[in-house]
>>> print(open('entry-v5.txt').read())   # compact mmCIF, C-alpha atoms
# COMPACT_ATOMS: atom_id res chain seq x y z
CA MET B 199 117.42 108.23 114.46
CA ASN B 200 114.18 108.00 112.52
CA ILE B 201 113.63 108.46 108.83
CA SER B 202 112.10 111.93 109.04
CA THR B 203 115.15 113.23 110.89
CA ILE B 204 117.38 111.83 108.14
CA TYR B 205 115.23 113.48 105.48
CA LEU B 206 115.37 116.81 107.30
CA ILE B 207 119.14 116.62 107.67
CA VAL B 208 119.61 115.79 103.98
CA ALA B 209 117.24 118.59 102.90
CA SER B 210 118.91 121.17 105.15
CA GLY B 211 122.32 120.05 103.92
CA PHE B 212 121.36 120.61 100.29
CA LEU B 213 119.65 123.87 101.20
CA ILE B 214 122.83 125.18 102.81
CA ILE B 215 124.94 124.16 99.80
CA SER B 216 122.39 125.86 97.55
CA LEU B 217 122.50 129.02 99.69
CA ILE B 218 126.28 129.14 99.49
CA LYS B 219 126.23 128.71 95.71
CA SER B 220 123.46 131.17 94.90
CA ARG B 221 121.08 133.16 97.06
CA GLU B 222 118.85 134.01 94.14
CA LYS B 223 118.40 130.41 93.05
CA THR B 224 117.73 129.32 96.62
CA ALA B 225 114.96 131.90 96.95
CA LYS B 226 113.47 130.54 93.72
CA ALA B 227 113.71 127.01 95.08
CA LEU B 228 111.87 127.97 98.27
CA LEU B 229 109.18 129.73 96.28
CA HIS B 230 108.72 126.58 94.21
CA ALA B 231 108.56 124.52 97.40
CA LEU B 232 105.74 126.78 98.54
CA ARG B 233 103.88 126.17 95.26
CA VAL B 234 104.18 122.41 95.72
CA ALA B 235 103.04 122.71 99.33
CA LEU B 236 100.00 124.69 98.24
CA LEU B 237 99.20 122.06 95.62
CA VAL B 238 99.73 119.01 97.82
CA LEU B 239 98.79 119.88 101.41
CA PRO B 240 95.06 120.52 100.78
CA VAL B 241 94.81 117.20 98.88
CA LEU B 242 96.51 115.54 101.85
CA LEU B 243 94.02 117.06 104.26
CA PHE B 244 91.17 115.61 102.22
CA VAL B 245 92.92 112.23 101.98
CA PHE B 246 93.61 112.11 105.72
CA VAL B 247 89.98 112.81 106.51
CA LEU B 248 89.00 109.81 104.33
CA MET B 249 91.67 107.77 106.07
CA GLY B 250 90.35 108.77 109.47
CA LEU B 251 86.84 107.78 108.44
CA LEU B 252 87.89 104.26 107.45
CA GLN B 253 90.13 103.83 110.49
CA VAL B 254 87.38 104.87 112.86
CA PHE B 255 84.42 103.12 111.27
CA VAL B 256 85.97 99.91 109.86
CA PRO B 257 87.54 97.72 112.56
CA LYS B 258 90.78 95.85 111.84
CA GLU B 259 89.14 92.50 112.62
CA VAL B 260 87.09 92.90 109.45
CA PHE B 261 90.33 92.75 107.44
CA THR B 262 91.65 89.72 109.31
CA SER B 263 88.50 87.66 109.04
CA LEU B 264 88.33 88.37 105.30
CA LEU B 265 91.89 87.24 104.72
CA GLY B 266 91.68 84.13 106.88
CA SER B 267 89.06 82.68 104.57
CA GLY B 268 91.11 83.17 101.40
CA HIS B 269 93.18 80.30 100.03
CA GLY B 270 95.53 79.87 97.07
CA VAL B 271 94.93 82.20 94.14
CA LEU B 272 91.85 83.69 95.77
CA GLY B 273 93.90 84.40 98.89
CA ILE B 274 96.38 86.45 96.84
CA ILE B 275 93.57 88.52 95.36
CA VAL B 276 91.92 89.04 98.75
CA GLY B 277 95.32 90.01 100.20
CA GLU B 278 95.83 92.56 97.44
CA LEU B 279 92.37 94.03 97.94
CA LEU B 280 92.96 94.32 101.67
CA GLY B 281 96.24 96.10 101.09
CA MET B 282 94.56 98.63 98.83
CA PHE B 283 91.94 99.44 101.42
CA ALA B 284 94.14 99.15 104.48
CA LEU B 285 95.08 102.59 105.62
CA ILE B 286 98.16 101.95 107.60
CA GLU B 287 101.51 103.68 107.60
CA PRO B 288 104.28 101.76 105.76
CA ALA B 289 106.01 101.19 109.09
CA ALA B 290 102.88 99.47 110.40
CA VAL B 291 102.51 97.23 107.33
CA PHE B 292 105.03 94.58 108.42
CA PRO B 293 103.79 94.12 111.99
CA PHE B 294 100.25 93.87 110.71
CA ALA B 295 101.28 91.44 107.95
CA GLY B 296 103.01 89.30 110.58
CA PHE B 297 99.79 89.34 112.56
CA LEU B 298 97.88 88.25 109.45
CA HIS B 299 100.25 85.35 108.87
CA THR B 300 100.02 84.11 112.44
CA SER B 301 96.25 84.29 112.15
CA GLY B 302 96.36 81.87 109.21
CA ALA B 303 96.91 83.90 106.02
CA THR B 304 99.00 82.23 103.28
CA TRP B 305 102.38 83.72 102.23
CA GLY B 306 100.85 84.56 98.87
CA SER B 307 98.14 86.63 100.46
CA VAL B 308 100.60 88.19 102.91
CA ILE B 309 102.87 89.45 100.10
CA GLY B 310 99.78 90.63 98.20
CA PHE B 311 98.77 92.63 101.23
CA VAL B 312 102.25 94.04 101.94
CA MET B 313 102.88 95.22 98.39
CA THR B 314 99.53 96.84 97.72
CA ALA B 315 99.44 98.37 101.20
CA ILE B 316 102.66 100.17 100.27
CA LEU B 317 102.02 100.82 96.57
CA ILE B 318 98.29 101.34 96.11
CA GLY B 319 95.83 103.19 98.25
CA ILE B 320 92.29 104.22 97.64
CA VAL B 321 93.11 107.31 99.64
CA THR B 322 96.23 108.21 97.67
CA LEU B 323 94.32 107.84 94.39
CA PRO B 324 93.11 111.46 94.37
CA LEU B 325 96.72 112.62 94.79
CA GLU B 326 97.98 110.30 92.03
CA LEU B 327 95.23 111.44 89.64
CA ASN B 328 95.97 115.04 90.51
CA GLN B 329 99.71 114.65 89.88
CA PHE B 330 99.87 112.25 86.94
CA GLY B 331 96.50 112.21 85.20
CA THR B 332 93.94 109.46 84.61
CA ARG B 333 95.72 107.33 82.01
CA PHE B 334 98.95 107.04 83.97
CA THR B 335 97.09 106.29 87.21
CA VAL B 336 94.89 103.56 85.70
CA VAL B 337 97.78 101.84 83.93
CA ARG B 338 100.17 102.15 86.87
CA ASN B 339 97.67 100.67 89.32
CA LEU B 340 96.55 97.82 87.05
CA VAL B 341 100.14 96.88 86.19
CA THR B 342 101.03 96.95 89.89
CA ILE B 343 98.10 94.66 90.74
CA GLY B 344 99.29 92.25 88.02
CA LEU B 345 102.92 92.25 89.14
CA VAL B 346 101.99 91.75 92.77
CA PHE B 347 99.80 88.82 91.73
CA VAL B 348 102.86 87.24 90.07
CA MET B 349 104.76 87.82 93.32
CA GLY B 350 101.92 86.15 95.20
CA LEU B 351 102.16 83.06 92.96
CA LEU B 352 105.93 82.88 93.50
CA PHE B 353 105.60 83.33 97.25
CA SER B 354 102.98 80.59 97.36
CA ALA B 355 105.18 78.26 95.31
CA VAL B 356 108.32 78.76 97.41
CA ALA B 357 108.27 77.14 100.82
CA LEU B 358 109.27 79.95 103.17
CA MET T 153 104.43 116.43 71.54
CA ASN T 154 104.20 114.20 74.54
CA GLU T 155 102.28 114.85 77.71
CA THR T 156 105.25 115.78 79.87
CA LYS T 157 106.31 118.55 77.51
CA LYS T 158 102.82 120.00 77.55
CA GLN T 159 102.71 120.01 81.33
CA GLN T 160 105.98 121.85 81.46
CA HIS T 161 104.71 124.70 79.37
CA HIS T 162 101.43 124.88 81.22
CA LYS T 163 102.48 125.91 84.70
CA LYS T 164 99.61 126.64 87.03
CA GLY T 165 99.29 130.25 88.18
CA TRP T 166 98.96 131.19 91.84
CA GLY T 167 95.25 131.95 91.40
CA GLU T 168 94.59 128.48 90.05
CA LEU T 169 96.65 126.91 92.82
CA ILE T 170 94.73 128.74 95.52
CA LYS T 171 91.42 127.82 93.87
CA SER T 172 92.18 124.10 93.88
CA ALA T 173 93.52 124.37 97.44
CA VAL T 174 90.27 125.94 98.60
CA ILE T 175 88.19 123.25 96.84
CA TYR T 176 90.02 120.43 98.63
CA ILE T 177 89.89 122.15 102.00
CA VAL T 178 86.13 122.76 101.61
CA LEU T 179 85.60 119.12 100.54
CA ALA T 180 87.52 117.91 103.59
CA ILE T 181 85.52 120.14 105.92
CA VAL T 182 82.20 119.04 104.36
CA VAL T 183 83.01 115.32 104.71
CA TRP T 184 84.28 115.86 108.25
CA GLY T 185 81.25 118.02 109.12
CA ILE T 186 78.72 115.43 107.88
CA THR T 187 80.52 112.74 109.90
CA SER T 188 80.52 114.88 113.02
CA ILE T 189 76.80 115.58 112.68
CA LEU T 190 75.93 111.90 112.18
CA SER T 191 78.31 110.70 114.89
CA PRO T 192 79.91 113.32 117.15
CA SER T 193 82.24 110.81 118.83
CA GLY T 194 83.27 109.40 115.44
CA GLY T 195 83.94 112.92 114.21
CA ALA T 196 86.20 113.58 117.18
CA GLU T 197 88.10 110.33 116.48
CA VAL T 198 88.54 111.34 112.85
CA THR T 199 89.91 114.72 113.96
CA LYS T 200 92.40 112.94 116.21
CA THR T 201 93.49 110.60 113.40
CA VAL T 202 93.91 113.49 110.96
CA ALA T 203 95.96 115.47 113.47
CA LYS T 204 98.14 112.48 114.31
CA THR T 205 98.76 111.55 110.66
CA PHE T 206 99.64 115.13 109.79
CA LYS T 207 102.05 115.29 112.70
CA ASP T 208 103.67 112.02 111.57
CA VAL T 209 104.29 113.08 107.99
CA LEU T 210 104.78 116.82 108.42
CA SER T 211 108.54 116.93 108.94
CA ILE T 212 109.26 114.40 106.20
CA ILE T 213 106.95 116.15 103.75
CA PHE T 214 108.49 119.49 104.63
CA ALA T 215 111.91 118.07 103.76
CA ILE T 216 110.57 116.66 100.49
CA PHE T 217 109.05 120.01 99.47
CA ILE T 218 112.46 121.65 99.95
CA LEU T 219 114.18 118.90 97.95
CA ILE T 220 111.63 119.33 95.15
CA GLY T 221 112.25 123.07 95.11
CA LEU T 222 116.00 122.54 94.92
CA ILE T 223 115.67 119.93 92.15
CA GLN T 224 113.46 122.34 90.23
CA VAL T 225 116.06 125.11 90.36
CA TRP T 226 119.36 123.25 90.16
CA LEU T 227 118.74 120.26 87.91
CA THR T 228 118.15 120.95 84.25
CA PRO T 229 115.84 118.71 82.21
CA GLU T 230 118.91 117.69 80.19
CA GLN T 231 120.66 116.37 83.30
CA ILE T 232 117.62 114.39 84.41
CA SER T 233 116.93 112.86 81.04
CA LYS T 234 120.59 111.90 80.75
CA VAL T 235 120.13 109.75 83.86
CA LEU T 236 116.46 108.75 83.72
CA GLY T 237 115.32 109.69 80.21
CA LYS T 238 115.14 107.82 76.92
CA GLU T 239 118.80 108.42 76.06
CA ALA T 240 119.86 106.78 79.35
CA GLY T 241 118.56 103.49 77.92
CA TRP T 242 118.94 100.37 80.01
CA LYS T 243 121.23 102.05 82.51
CA GLY T 244 118.55 104.59 83.42
CA LEU T 245 115.96 101.89 83.83
CA ALA T 246 118.30 99.77 85.94
CA LEU T 247 119.09 102.77 88.11
CA SER T 248 115.44 103.60 88.72
CA ALA T 249 114.71 99.95 89.53
CA THR T 250 117.33 99.78 92.28
CA LEU T 251 118.28 103.16 93.75
CA PRO T 252 114.82 104.03 95.17
CA MET T 253 114.91 100.83 97.24
CA ILE T 254 116.87 102.70 99.89
CA LEU T 255 114.35 105.55 100.15
CA GLY T 256 111.78 105.97 102.88
CA GLY T 257 108.63 108.03 103.02
CA SER T 258 105.08 107.32 101.93
CA LEU T 259 103.20 107.63 98.63
CA PHE T 260 102.12 111.11 99.71
CA VAL T 261 105.67 112.35 99.41
CA ILE T 262 106.88 110.09 96.59
CA PHE T 263 104.16 111.16 94.12
CA PRO T 264 105.06 114.87 94.11
CA LEU T 265 108.77 114.00 93.87
CA LEU T 266 108.18 111.72 90.88
CA LYS T 267 105.99 114.28 89.19
CA THR T 268 108.88 116.72 89.30
CA LEU T 269 111.28 114.16 87.84
CA ARG T 270 108.75 113.34 85.12
CA GLU T 271 108.31 116.96 84.16
CA LYS T 272 112.07 117.27 84.05
CA GLY T 273 112.32 114.57 81.41
CA ALA T 274 112.40 111.24 83.24
CA ARG T 275 110.78 108.65 80.95
CA THR T 276 107.56 106.94 81.97
CA SER T 277 109.17 103.52 82.45
CA SER T 278 111.69 105.05 84.85
CA VAL T 279 108.95 106.75 86.86
CA VAL T 280 106.91 103.54 87.21
CA ALA T 281 110.02 101.44 87.94
CA PHE T 282 111.12 104.03 90.51
CA LEU T 283 107.80 103.76 92.31
CA PHE T 284 107.79 99.95 92.33
CA ALA T 285 111.40 99.79 93.52
CA TRP T 286 110.62 102.28 96.26
CA SER T 287 108.21 99.68 97.72
CA ALA T 288 111.25 97.67 98.87
CA LYS T 289 111.48 100.10 101.78
CA ALA T 290 114.96 99.08 102.87
CA PRO T 291 114.86 101.44 105.88
CA LEU T 292 112.11 99.20 107.27
CA LEU T 293 114.05 95.96 106.66
CA PRO T 294 114.64 95.27 110.38
CA LEU T 295 110.88 95.37 110.96
CA GLU T 296 110.20 93.11 107.99
CA ILE T 297 112.69 90.46 109.14
CA LYS T 298 111.37 90.63 112.67
CA PHE T 299 107.76 90.05 111.72
CA LEU T 300 107.94 87.99 108.51
CA GLY T 301 111.35 86.31 108.61
CA TRP T 302 114.41 86.84 106.46
CA HIS T 303 113.32 84.35 103.77
CA PHE T 304 110.34 86.55 103.06
CA ALA T 305 112.42 89.74 103.11
CA VAL T 306 115.15 88.37 100.82
CA LEU T 307 112.71 86.96 98.26
CA ARG T 308 110.86 90.28 98.20
CA ILE T 309 114.01 92.37 97.78
CA VAL T 310 115.28 90.11 94.98
CA LEU T 311 112.00 90.15 93.05
CA ILE T 312 111.31 93.87 93.32
CA PRO T 313 113.97 95.26 90.92
CA ILE T 314 113.18 92.61 88.30
CA LEU T 315 109.45 93.31 88.43
CA ALA T 316 110.12 97.07 88.56
CA ILE T 317 111.81 96.88 85.14
CA VAL T 318 109.10 94.64 83.65
CA GLY T 319 106.35 96.84 85.10
CA GLY T 320 108.07 100.03 83.96
CA LEU T 321 108.33 98.84 80.37
CA ILE T 322 104.76 97.47 80.20
CA SER T 323 103.35 100.66 81.74
CA GLU T 324 105.29 102.94 79.42
CA TRP T 325 104.09 100.97 76.42
CA LEU T 326 100.46 101.19 77.57
CA ILE T 327 100.59 104.83 78.69
CA GLU T 328 102.24 106.10 75.53
CA LEU T 329 100.18 103.97 73.15
CA PRO T 330 97.91 106.86 72.03
CA HIS T 331 100.92 109.09 71.25
CA ARG T 332 102.49 106.37 69.14
CA GLN T 333 99.31 105.80 67.20
CA GLU T 334 99.07 109.54 66.55
CA THR T 335 102.57 109.76 65.14
CA GLU T 336 102.23 106.65 62.96
>>> encode(input="entry-v5.txt", output="structure tokens")
Amino acid sequence: MNISTIYLIVASGFLIISLIKSREKTAKALLHALRVALLVLPVLLFVFVLMGLLQVFVPKEVFTSLLGSGHGVLGIIVGELLGMFALIEPAAVFPFAGFLHTSGATWGSVIGFVMTAILIGIVTLPLELNQFGTRFTVVRNLVTIGLVFVMGLLFSAVAL
Amino acid sequence: MNETKKQQHHKKGWGELIKSAVIYIVLAIVVWGITSILSPSGGAEVTKTVAKTFKDVLSIIFAIFILIGLIQVWLTPEQISKVLGKEAGWKGLALSATLPMILGGSLFVIFPLLKTLREKGARTSSVVAFLFAWSAKAPLLPLEIKFLGWHFAVLRIVLIPILAIVGGLISEWLIELPHRQETE
């Protein structure tokens, strides 16, 4: 069973409980869901177009060759940068990270890549700005970059 | 008053919502159109990628929208802030640094969910910690072990909640700095 099926089952379960408890409140909930959909889906469309552009016009080998050259502290930073620009689904992050490691990337740069690929995305930036505002977005992203760098140092220090 | 309170009182009307929706759709079409003119085959590839990505996330995002709607109606701000707000103290922070580790989904669906929690009174440190902890992606653990080994996976899962708390506190301090200076 995949994750989207689980999500759908959980959501329908709660929806049914809600319907049993109060029809009126459930209608309100669905109306609110529609508002959120209207707010988010167009932003997603825009983001996915950007994602498509990068996927089509920037080959994956570009990422690998960049990371292979990075060593030590620089490798962590290059790994983080790659993660931010890599537009791959979370489920594809680990296979790709494994590929990076077998092609010579250090563990520090691999963790840098994995974490920022999941947590930071140039394409999700418009959505984050739209939902949380500039100050939150800037701080959240900078703090994440810093924390992931610390992780990179630890992963480089520990023999895996 | 803090930012979250203000947002709560200023709820966007349907007109405004539709206006911003139209702007993003037009932007997407313009970018896609320019690409297609410059490179018709590239444009077709982009269309395929967009369609595939939408198909991949549609059911999960649909479920998240429903959950957000239900949270909005059934959970009161008091309930949320009791668990994730200032009064929850360390327990709230600890909860947001661990519980989200079991969640799936992508940033596209997590951002709207967190925005709702924030508007309902979750404190900033909890929101940031929640996001960082979510990166553990426990549902994907089998993949991680397969491709990177269990040493890697264990070290990552151990470090994430610790760094989530540190990051949450630092971020909250930085984000709310202007408010504090105002009140001083």
>>> residues_around(input="entry-v5.txt", residues="segment 297-299 of chain T", least_positions_apart="4", cutoff="10 Å", atoms="only C-alpha atoms", output="MDAnalysis selection string")
(chainID B and resid 291:297 299:300) or (chainID T and resid 292:293 303:306)
>>> closest_atom_pairs(input="entry-v5.txt", of="segment 202-268 of chain T", to="segment 272-290 of chain T", cutoff="8 Å", atoms="all atoms listed in the file", output="JSON lines")
{"residue": "T:Thr228", "atom": "CA", "partner": "T:Lys272", "partner_atom": "CA", "distance": 7.1}
{"residue": "T:Pro229", "atom": "CA", "partner": "T:Lys272", "partner_atom": "CA", "distance": 4.4}
{"residue": "T:Glu230", "atom": "CA", "partner": "T:Gly273", "partner_atom": "CA", "distance": 7.4}
{"residue": "T:Ile232", "atom": "CA", "partner": "T:Gly273", "partner_atom": "CA", "distance": 6.1}
{"residue": "T:Ser233", "atom": "CA", "partner": "T:Gly273", "partner_atom": "CA", "distance": 4.9}
{"residue": "T:Val235", "atom": "CA", "partner": "T:Ala274", "partner_atom": "CA", "distance": 7.9}
{"residue": "T:Leu236", "atom": "CA", "partner": "T:Ala274", "partner_atom": "CA", "distance": 4.8}
{"residue": "T:Gly237", "atom": "CA", "partner": "T:Ala274", "partner_atom": "CA", "distance": 4.5}
{"residue": "T:Lys238", "atom": "CA", "partner": "T:Arg275", "partner_atom": "CA", "distance": 6.0}
{"residue": "T:Gly244", "atom": "CA", "partner": "T:Ser278", "partner_atom": "CA", "distance": 7.0}
{"residue": "T:Leu245", "atom": "CA", "partner": "T:Ser278", "partner_atom": "CA", "distance": 5.4}
{"residue": "T:Ser248", "atom": "CA", "partner": "T:Phe282", "partner_atom": "CA", "distance": 4.7}
{"residue": "T:Ala249", "atom": "CA", "partner": "T:Ala281", "partner_atom": "CA", "distance": 5.2}
{"residue": "T:Thr250", "atom": "CA", "partner": "T:Ala285", "partner_atom": "CA", "distance": 6.1}
{"residue": "T:Leu251", "atom": "CA", "partner": "T:Ala285", "partner_atom": "CA", "distance": 7.7}
{"residue": "T:Pro252", "atom": "CA", "partner": "T:Trp286", "partner_atom": "CA", "distance": 4.7}
{"residue": "T:Met253", "atom": "CA", "partner": "T:Trp286", "partner_atom": "CA", "distance": 4.6}
{"residue": "T:Ile254", "atom": "CA", "partner": "T:Ala290", "partner_atom": "CA", "distance": 5.1}
{"residue": "T:Leu255", "atom": "CA", "partner": "T:Trp286", "partner_atom": "CA", "distance": 6.3}
{"residue": "T:Gly256", "atom": "CA", "partner": "T:Lys289", "partner_atom": "CA", "distance": 6.0}
{"residue": "T:Ile262", "atom": "CA", "partner": "T:Leu283", "partner_atom": "CA", "distance": 7.7}
{"residue": "T:Leu266", "atom": "CA", "partner": "T:Val279", "partner_atom": "CA", "distance": 6.4}
{"residue": "T:Thr268", "atom": "CA", "partner": "T:Lys272", "partner_atom": "CA", "distance": 6.2}
>>> interface_residues(input="entry-v5.txt", of="chain T", to="chain B", cutoff="7 Å", atoms="all atoms listed in the file", output="PyMOL selection string")
chain T and resi 169+173+176-177+179-180+184+194+197-198+201-202+211-212+215+217-222+224-225+256+258+260+263-264+267+280+287+292+295-296+299-300+303-304+315+319+323+326-327
>>> atom_distance(input="entry-v5.txt", atom1="atom CA of Trp302 of chain T", atom2="atom CA of Ile320 of chain B")
29.5 Å
>>> atom_distance(input="entry-v5.txt", atom1="atom CA of Ala203 of chain T", atom2="atom CA of Gly167 of chain T")
27.6 Å
>>> atom_distance(input="entry-v5.txt", atom1="atom CA of Val271 of chain B", atom2="atom CA of Gly310 of chain B")
10.5 Å
